[in-house]
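Structure data (mmCIF, C-alpha atoms and all ligand atoms) from work-v3.cif:
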data_upload
#
loop_
_atom_site.label_atom_id
_atom_site.label_comp_id
_atom_site.auth_asym_id
_atom_site.auth_seq_id
_atom_site.Cartn_x
_atom_site.Cartn_y
_atom_site.Cartn_z
CA MET A 10 100.13 100.24 104.84
CA ALA A 11 98.14 103.42 104.37
CA VAL A 12 94.41 102.75 104.07
CA THR A 13 93.03 105.44 101.76
CA LYS A 14 89.41 104.42 101.23
CA LYS A 15 87.17 107.49 101.00
CA PHE A 16 90.23 109.74 100.64
CA SER A 17 91.07 111.51 97.41
CA ALA A 18 93.83 110.75 94.92
CA GLU A 19 95.41 113.99 96.11
CA THR A 20 95.71 112.58 99.65
CA ILE A 21 97.29 109.40 98.25
CA ARG A 22 99.81 111.50 96.30
CA LYS A 23 100.72 113.46 99.44
CA ALA A 24 101.18 110.26 101.42
CA TYR A 25 103.40 108.97 98.61
CA GLN A 26 105.46 112.15 98.71
CA ALA A 27 105.84 111.65 102.45
CA GLY A 28 107.38 108.24 101.71
CA LEU A 29 104.54 105.74 101.93
CA ARG A 30 104.58 103.05 99.26
CA ASP A 31 101.84 100.60 100.26
CA PHE A 32 98.22 101.64 99.91
CA GLY A 33 95.09 99.74 100.86
CA GLU A 34 91.66 100.30 99.34
CA ASN A 35 88.37 98.54 100.07
CA TYR A 36 86.30 99.09 96.97
CA VAL A 37 87.31 98.13 93.43
CA GLN A 38 85.07 100.78 91.86
CA GLU A 39 86.23 103.59 94.12
CA PHE A 40 89.88 102.89 93.36
CA GLU A 41 89.15 102.48 89.65
CA LYS A 42 87.99 106.11 89.67
CA LYS A 43 91.06 107.40 91.54
CA ARG A 44 93.66 105.29 89.74
CA PRO A 45 93.98 107.46 86.58
CA GLU A 46 95.15 110.34 88.79
CA LEU A 47 97.91 108.21 90.27
CA ASN A 48 99.90 107.21 87.21
CA GLU A 49 103.13 108.75 88.44
CA LEU A 50 103.17 106.55 91.54
CA ALA A 51 104.73 103.73 89.56
CA ASP A 52 106.54 102.01 92.42
CA ALA A 53 103.62 102.06 94.86
CA THR A 54 101.99 98.76 95.79
CA CYS A 55 98.20 98.77 95.93
CA HIS A 56 96.42 96.25 98.13
CA LEU A 57 92.76 95.29 97.95
CA ILE A 58 91.59 94.88 101.55
CA GLY A 59 87.81 94.82 100.99
CA HIS A 60 85.65 91.90 99.93
CA LEU A 61 86.08 90.91 96.28
CA GLN A 62 83.13 89.71 94.24
CA SER A 63 84.26 87.29 91.58
CA ASN A 64 82.70 89.36 88.77
CA LYS A 65 85.15 92.15 89.66
CA ALA A 66 88.21 89.86 89.73
CA GLY A 67 89.56 91.09 86.38
CA THR A 68 89.25 94.77 87.28
CA ALA A 69 90.83 94.08 90.66
CA LEU A 70 93.84 92.44 88.98
CA ASP A 71 94.32 95.47 86.75
CA LEU A 72 94.34 97.78 89.79
CA PHE A 73 95.94 95.87 92.66
CA GLN A 74 99.27 94.08 93.01
CA VAL A 75 98.16 92.39 96.22
CA ILE A 76 94.71 90.89 96.83
CA GLN A 77 94.37 90.45 100.58
CA THR A 78 90.81 89.17 100.67
CA ILE A 79 90.86 85.78 98.95
CA ASP A 80 88.20 83.82 100.81
CA SER A 81 87.35 80.84 98.60
CA SER A 82 89.05 78.35 96.31
CA LYS A 83 86.66 79.42 93.58
CA LEU A 84 87.75 83.05 93.79
CA LEU A 85 91.41 82.05 93.97
CA LYS A 86 91.12 79.87 90.86
CA ARG A 87 89.32 82.60 88.98
CA LEU A 88 91.97 85.15 89.92
CA ASP A 89 94.68 82.71 88.90
CA SER A 90 93.30 82.02 85.45
CA MET A 91 92.60 85.70 84.79
CA ALA A 92 96.08 86.66 86.01
CA GLN A 93 97.57 84.07 83.65
CA GLU A 94 95.61 85.53 80.74
CA ARG A 95 96.88 88.98 81.61
CA GLY A 96 100.49 87.90 82.19
CA LEU A 97 100.34 89.10 85.80
CA SER A 98 101.72 87.48 88.94
CA PRO A 99 99.83 89.13 91.80
CA GLU A 100 100.41 88.37 95.42
CA GLY A 101 97.48 86.96 97.39
CA LEU A 102 96.59 86.78 101.05
CA ILE A 103 93.82 84.58 102.39
CA GLU A 104 91.29 86.41 104.54
CA VAL A 105 90.44 84.32 107.58
CA LYS A 106 87.38 84.89 109.71
CA LEU A 107 88.28 84.00 113.27
CA SER A 108 85.17 85.36 115.00
CA ASP A 109 81.60 84.15 114.61
CA GLU A 110 80.21 87.52 113.52
CA GLU A 111 77.65 86.97 110.80
CA ASN A 112 78.37 90.11 108.82
CA LYS A 113 82.06 89.35 108.34
CA THR A 114 83.70 87.95 105.25
CA GLY A 115 86.63 85.56 105.18
CA THR A 116 87.15 81.85 105.11
CA ALA A 117 86.75 79.72 108.24
CA ALA A 118 90.02 78.41 109.67
CA SER A 119 88.68 74.90 109.04
CA ASP A 120 88.50 75.66 105.28
CA LEU A 121 92.11 76.80 105.13
CA PRO A 122 93.60 73.42 104.14
CA ALA A 123 91.41 73.30 101.01
CA LEU A 124 92.41 76.85 100.07
CA ILE A 125 96.09 76.14 100.66
CA GLU A 126 95.79 73.12 98.42
CA ALA A 127 94.22 75.27 95.70
CA ALA A 128 97.01 77.82 96.20
CA GLY A 129 99.52 75.07 95.48
CA THR A 130 98.05 74.60 92.00
CA CYS A 131 98.12 78.30 91.10
CA ARG A 132 100.45 79.31 88.33
CA ALA A 133 100.11 83.09 88.57
CA VAL A 134 98.82 84.06 92.01
CA ARG A 135 101.45 83.73 94.74
CA VAL A 136 99.74 83.16 98.07
CA THR A 137 102.09 84.50 100.73
CA GLY A 138 100.07 85.17 103.84
CA LEU A 139 96.90 85.57 105.85
CA MET A 140 94.73 88.55 106.70
CA THR A 141 92.12 89.05 109.39
CA VAL A 142 89.82 91.69 110.88
CA PRO A 143 88.91 90.96 114.51
CA PRO A 144 85.61 92.16 115.99
CA TRP A 145 85.75 95.87 116.69
CA SER A 146 86.44 96.81 120.29
CA GLU A 147 87.54 99.92 122.14
CA ASP A 148 90.10 97.81 123.93
CA ALA A 149 93.00 96.78 121.67
CA GLU A 150 93.80 93.88 123.98
CA GLN A 151 90.56 92.23 122.83
CA SER A 152 92.20 91.81 119.40
CA ARG A 153 95.25 90.00 120.73
CA PRO A 154 93.83 86.44 120.75
CA TYR A 155 92.71 86.88 117.11
CA PHE A 156 96.15 88.13 116.07
CA ARG A 157 97.82 85.31 117.97
CA LYS A 158 95.57 82.77 116.29
CA LEU A 159 96.36 84.18 112.83
CA ALA A 160 100.08 83.98 113.58
CA GLU A 161 99.63 80.37 114.68
CA LEU A 162 97.82 79.53 111.42
CA GLY A 163 100.50 81.35 109.43
CA ARG A 164 103.18 79.20 111.03
CA GLN A 165 101.14 76.04 110.59
CA PHE A 166 100.63 76.61 106.87
CA GLY A 167 103.94 78.30 106.09
CA LEU A 168 102.35 81.64 105.17
CA PRO A 169 104.54 84.25 106.85
CA LYS A 170 102.97 87.53 105.75
CA LEU A 171 100.31 88.44 108.30
CA SER A 172 98.05 91.41 107.58
CA MET A 173 96.51 92.42 110.89
CA GLY A 174 96.01 95.52 112.99
CA MET A 175 94.30 98.84 112.25
CA SER A 176 94.49 102.33 113.80
CA ASP A 177 93.16 101.19 117.17
CA ASP A 178 95.13 97.99 117.64
CA PHE A 179 98.20 98.02 115.39
CA GLU A 180 100.66 98.06 118.32
CA VAL A 181 99.19 94.80 119.60
CA ALA A 182 99.27 93.36 116.07
CA ILE A 183 102.97 94.21 115.75
CA GLU A 184 103.67 92.53 119.08
CA GLU A 185 101.97 89.43 117.71
CA GLY A 186 104.01 89.40 114.50
CA ALA A 187 102.18 91.51 111.90
CA HIS A 188 103.88 91.98 108.54
CA PHE A 189 101.34 94.55 107.33
CA VAL A 190 99.35 96.83 109.61
CA ARG A 191 96.48 98.56 107.82
CA VAL A 192 96.22 102.11 109.11
CA GLY A 193 93.74 104.71 107.90
CA THR A 194 92.29 107.00 110.56
CA ALA A 195 95.52 107.34 112.55
CA LEU A 196 97.25 108.68 109.42
CA PHE A 197 94.55 110.70 107.69
CA GLY A 198 91.92 111.49 110.32
CA PRO A 199 88.29 110.40 110.31
CA ARG A 200 86.72 109.36 107.02
CA THR A 201 83.95 111.72 105.98
CA LYS A 202 81.20 110.97 103.48
CA ASP A 203 82.91 112.88 100.68
CA THR A 204 86.42 112.02 99.58
CA ASN A 205 88.09 115.21 100.78
CA PRO A 206 90.67 114.90 103.49
CA PRO A 207 89.75 116.64 106.74
CA ALA A 208 91.48 119.97 107.26
CA HIS A 209 94.17 119.65 109.93
C1 LIG B 1 89.06 100.72 106.85
C2 LIG B 1 89.92 99.53 107.09
C3 LIG B 1 91.15 99.63 107.74
C4 LIG B 1 91.67 100.92 108.35
O1 LIG B 1 90.93 101.23 109.47
P1 LIG B 1 91.34 102.45 110.44
O2 LIG B 1 90.64 102.17 111.69
O3 LIG B 1 90.88 103.70 109.77
O4 LIG B 1 92.83 102.43 110.58
C5 LIG B 1 91.91 98.48 107.85
N1 LIG B 1 91.50 97.30 107.36
C6 LIG B 1 90.33 97.16 106.73
C7 LIG B 1 89.92 95.83 106.22
C8 LIG B 1 89.50 98.27 106.58
O5 LIG B 1 88.32 98.11 105.97
#

Can you present the structure in this file as structure tokens?
Ligand SMILES: *Cc1c(COP(=O)(O)O)cnc(C)c1O
Amino acid sequence: MAVTKKFSAETIRKAYQAGLRDFGENYVQEFEKKRPELNELADATCHLIGHLQSNKAGTALDLFQVIQTIDSSKLLKRLDSMAQERGLSPEGLIEVKLSDEENKTGTAASDLPALIEAAGTCRAVRVTGLMTVPPWSEDAEQSRPYFRKLAELGRQFGLPKLSMGMSDDFEVAIEEGAHFVRVGTALFGPRTKDTNPPAH
């Protein structure tokens, strides 16, 4: 999946023309601004990969077909009732926090059973997988145990779609069974403060 946060709608269109169909964005508001310029990309799938505050759940459902960052039963239930109201059936991934970093979002692995149970009662949201972001490291091998753990949890709970791996460690993630790798920098170059793509 192409991660296009901080890149312009123009960059997304070019990536689409090059054949990419899955796009990941981190911020609801940022994508809300770009989305009107992307109306012709009808068959693209847009994934929310950044933290979702429950007061933005409705807007997120209007913009994204896949919400990868469900991290509480409360958020899941809210998304489900709003999706029902809107006649939508979005796909959902549960974000799992496998490290003990304080500044990371995601549900603890020990809270997964409760979330899976809530997923079973959903009528609109289809929970199909798990997502994780391991601690950043220069050495991709450091990510492997986190990817392996996510794959283990996916098997345990019958959630086969694993979203794991970024520019620096996607090869390792694929070896460990990733369904989605989320790649930004390796496709588009470094993210600058403005939304213009770097000149190559
Ligand atoms: C930004 C981001 C990515 C992409 O990171 P790159 O290193 O640019 O490939 C992937 N996943 C998440 C959750 C991100 O925030």

Q.
as a ChimeraX atom specification, please: every protein or nucleic acid residue near ligand LIG 1 (chain B) (cut-off 7 Å, counting all atoms listed in the file).
A. /A:12,14,35,58-59,142,175-177,191-195

Deliver the residues from the most recent selection as a file, using C-alpha atoms, as a PDB file, in the coordinates of the input.
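In the end it all went to again-v5.pdb:
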ATOM      1  CA  VAL A  12      94.410 102.750 104.070  1.00  0.00           C
ATOM      2  CA  LYS A  14      89.410 104.420 101.230  1.00  0.00           C
ATOM      3  CA  ASN A  35      88.370  98.540 100.070  1.00  0.00           C
ATOM      4  CA  ILE A  58      91.590  94.880 101.550  1.00  0.00           C
ATOM      5  CA  GLY A  59      87.810  94.820 100.990  1.00  0.00           C
ATOM      6  CA  VAL A 142      89.820  91.690 110.880  1.00  0.00           C
ATOM      7  CA  MET A 175      94.300  98.840 112.250  1.00  0.00           C
ATOM      8  CA  SER A 176      94.490 102.330 113.800  1.00  0.00           C
ATOM      9  CA  ASP A 177      93.160 101.190 117.170  1.00  0.00           C
ATOM     10  CA  ARG A 191      96.480  98.560 107.820  1.00  0.00           C
ATOM     11  CA  VAL A 192      96.220 102.110 109.110  1.00  0.00           C
ATOM     12  CA  GLY A 193      93.740 104.710 107.900  1.00  0.00           C
ATOM     13  CA  THR A 194      92.290 107.000 110.560  1.00  0.00           C
ATOM     14  CA  ALA A 195      95.520 107.340 112.550  1.00  0.00           C
TER      15      ALA A 195
END

Q: Could you give me, as an MDAnalysis selection string, the residues that sit within 12 Å of (91.3, 108.0, 91.3) in the file's coordinates, counting all atoms listed in the file?
A: chainID A and resid 13:22 34 36:48 50 72 204

Kindly provide the residues of range 111-205 of chain A that approach range 92-107 of chain A to within 6 Å, each paired with its closest atom pair and their distance in Å to one decimal, based on only C-alpha atoms, listed by chain and increasing number, as a Markdown table.
| residue | atom | partner | partner_atom | distance |
| --- | --- | --- | --- | --- |
| A:Gly115 | CA | A:Lys106 | CA | 4.6 |
| A:Thr116 | CA | A:Val105 | CA | 4.8 |
| A:Ala117 | CA | A:Lys106 | CA | 5.4 |
| A:Ala133 | CA | A:Ser98 | CA | 4.7 |
| A:Val134 | CA | A:Pro99 | CA | 5.2 |
| A:Arg135 | CA | A:Glu100 | CA | 4.8 |
| A:Val136 | CA | A:Gly101 | CA | 4.5 |
| A:Thr137 | CA | A:Leu102 | CA | 6.0 |
| A:Gly138 | CA | A:Leu102 | CA | 4.7 |
| A:Leu139 | CA | A:Ile103 | CA | 4.7 |
| A:Met140 | CA | A:Glu104 | CA | 4.6 |
| A:Thr141 | CA | A:Val105 | CA | 5.3 |

Could you dump the residues just selected with C-alpha atoms as a PDB file, in the frame of the given file?
ATOM      1  CA  GLY A 115      86.630  85.560 105.180  1.00  0.00           C
ATOM      2  CA  THR A 116      87.150  81.850 105.110  1.00  0.00           C
ATOM      3  CA  ALA A 117      86.750  79.720 108.240  1.00  0.00           C
ATOM      4  CA  ALA A 133     100.110  83.090  88.570  1.00  0.00           C
ATOM      5  CA  VAL A 134      98.820  84.060  92.010  1.00  0.00           C
ATOM      6  CA  ARG A 135     101.450  83.730  94.740  1.00  0.00           C
ATOM      7  CA  VAL A 136      99.740  83.160  98.070  1.00  0.00           C
ATOM      8  CA  THR A 137     102.090  84.500 100.730  1.00  0.00           C
ATOM      9  CA  GLY A 138     100.070  85.170 103.840  1.00  0.00           C
ATOM     10  CA  LEU A 139      96.900  85.570 105.850  1.00  0.00           C
ATOM     11  CA  MET A 140      94.730  88.550 106.700  1.00  0.00           C
ATOM     12  CA  THR A 141      92.120  89.050 109.390  1.00  0.00           C
TER      13      THR A 141
END

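Going from CA of Pro144 in chain A over to CA of Leu84 in chain A, you cover 24.1 Å.
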
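CA of Lys86 in chain A sits 12.9 Å away from CA of Asn64 in chain A.
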
Q. Any idea what's packed within 7 Å of Gly67 in chain A, counting all atoms listed in the file, ignoring anything in its chain fewer than 3 positions away? Could you give it as a ChimeraX atom specification?
A. /A:70-71,91

Please, could you write that set of residues out with C-alpha atoms as a PDB file, keeping the file's coordinate frame?
ATOM      1  CA  LEU A  70      93.840  92.440  88.980  1.00  0.00           C
ATOM      2  CA  ASP A  71      94.320  95.470  86.750  1.00  0.00           C
ATOM      3  CA  MET A  91      92.600  85.700  84.790  1.00  0.00           C
TER       4      MET A  91
END

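CA of Pro199 in chain A is found 18.9 Å from CA of Leu29 in chain A.
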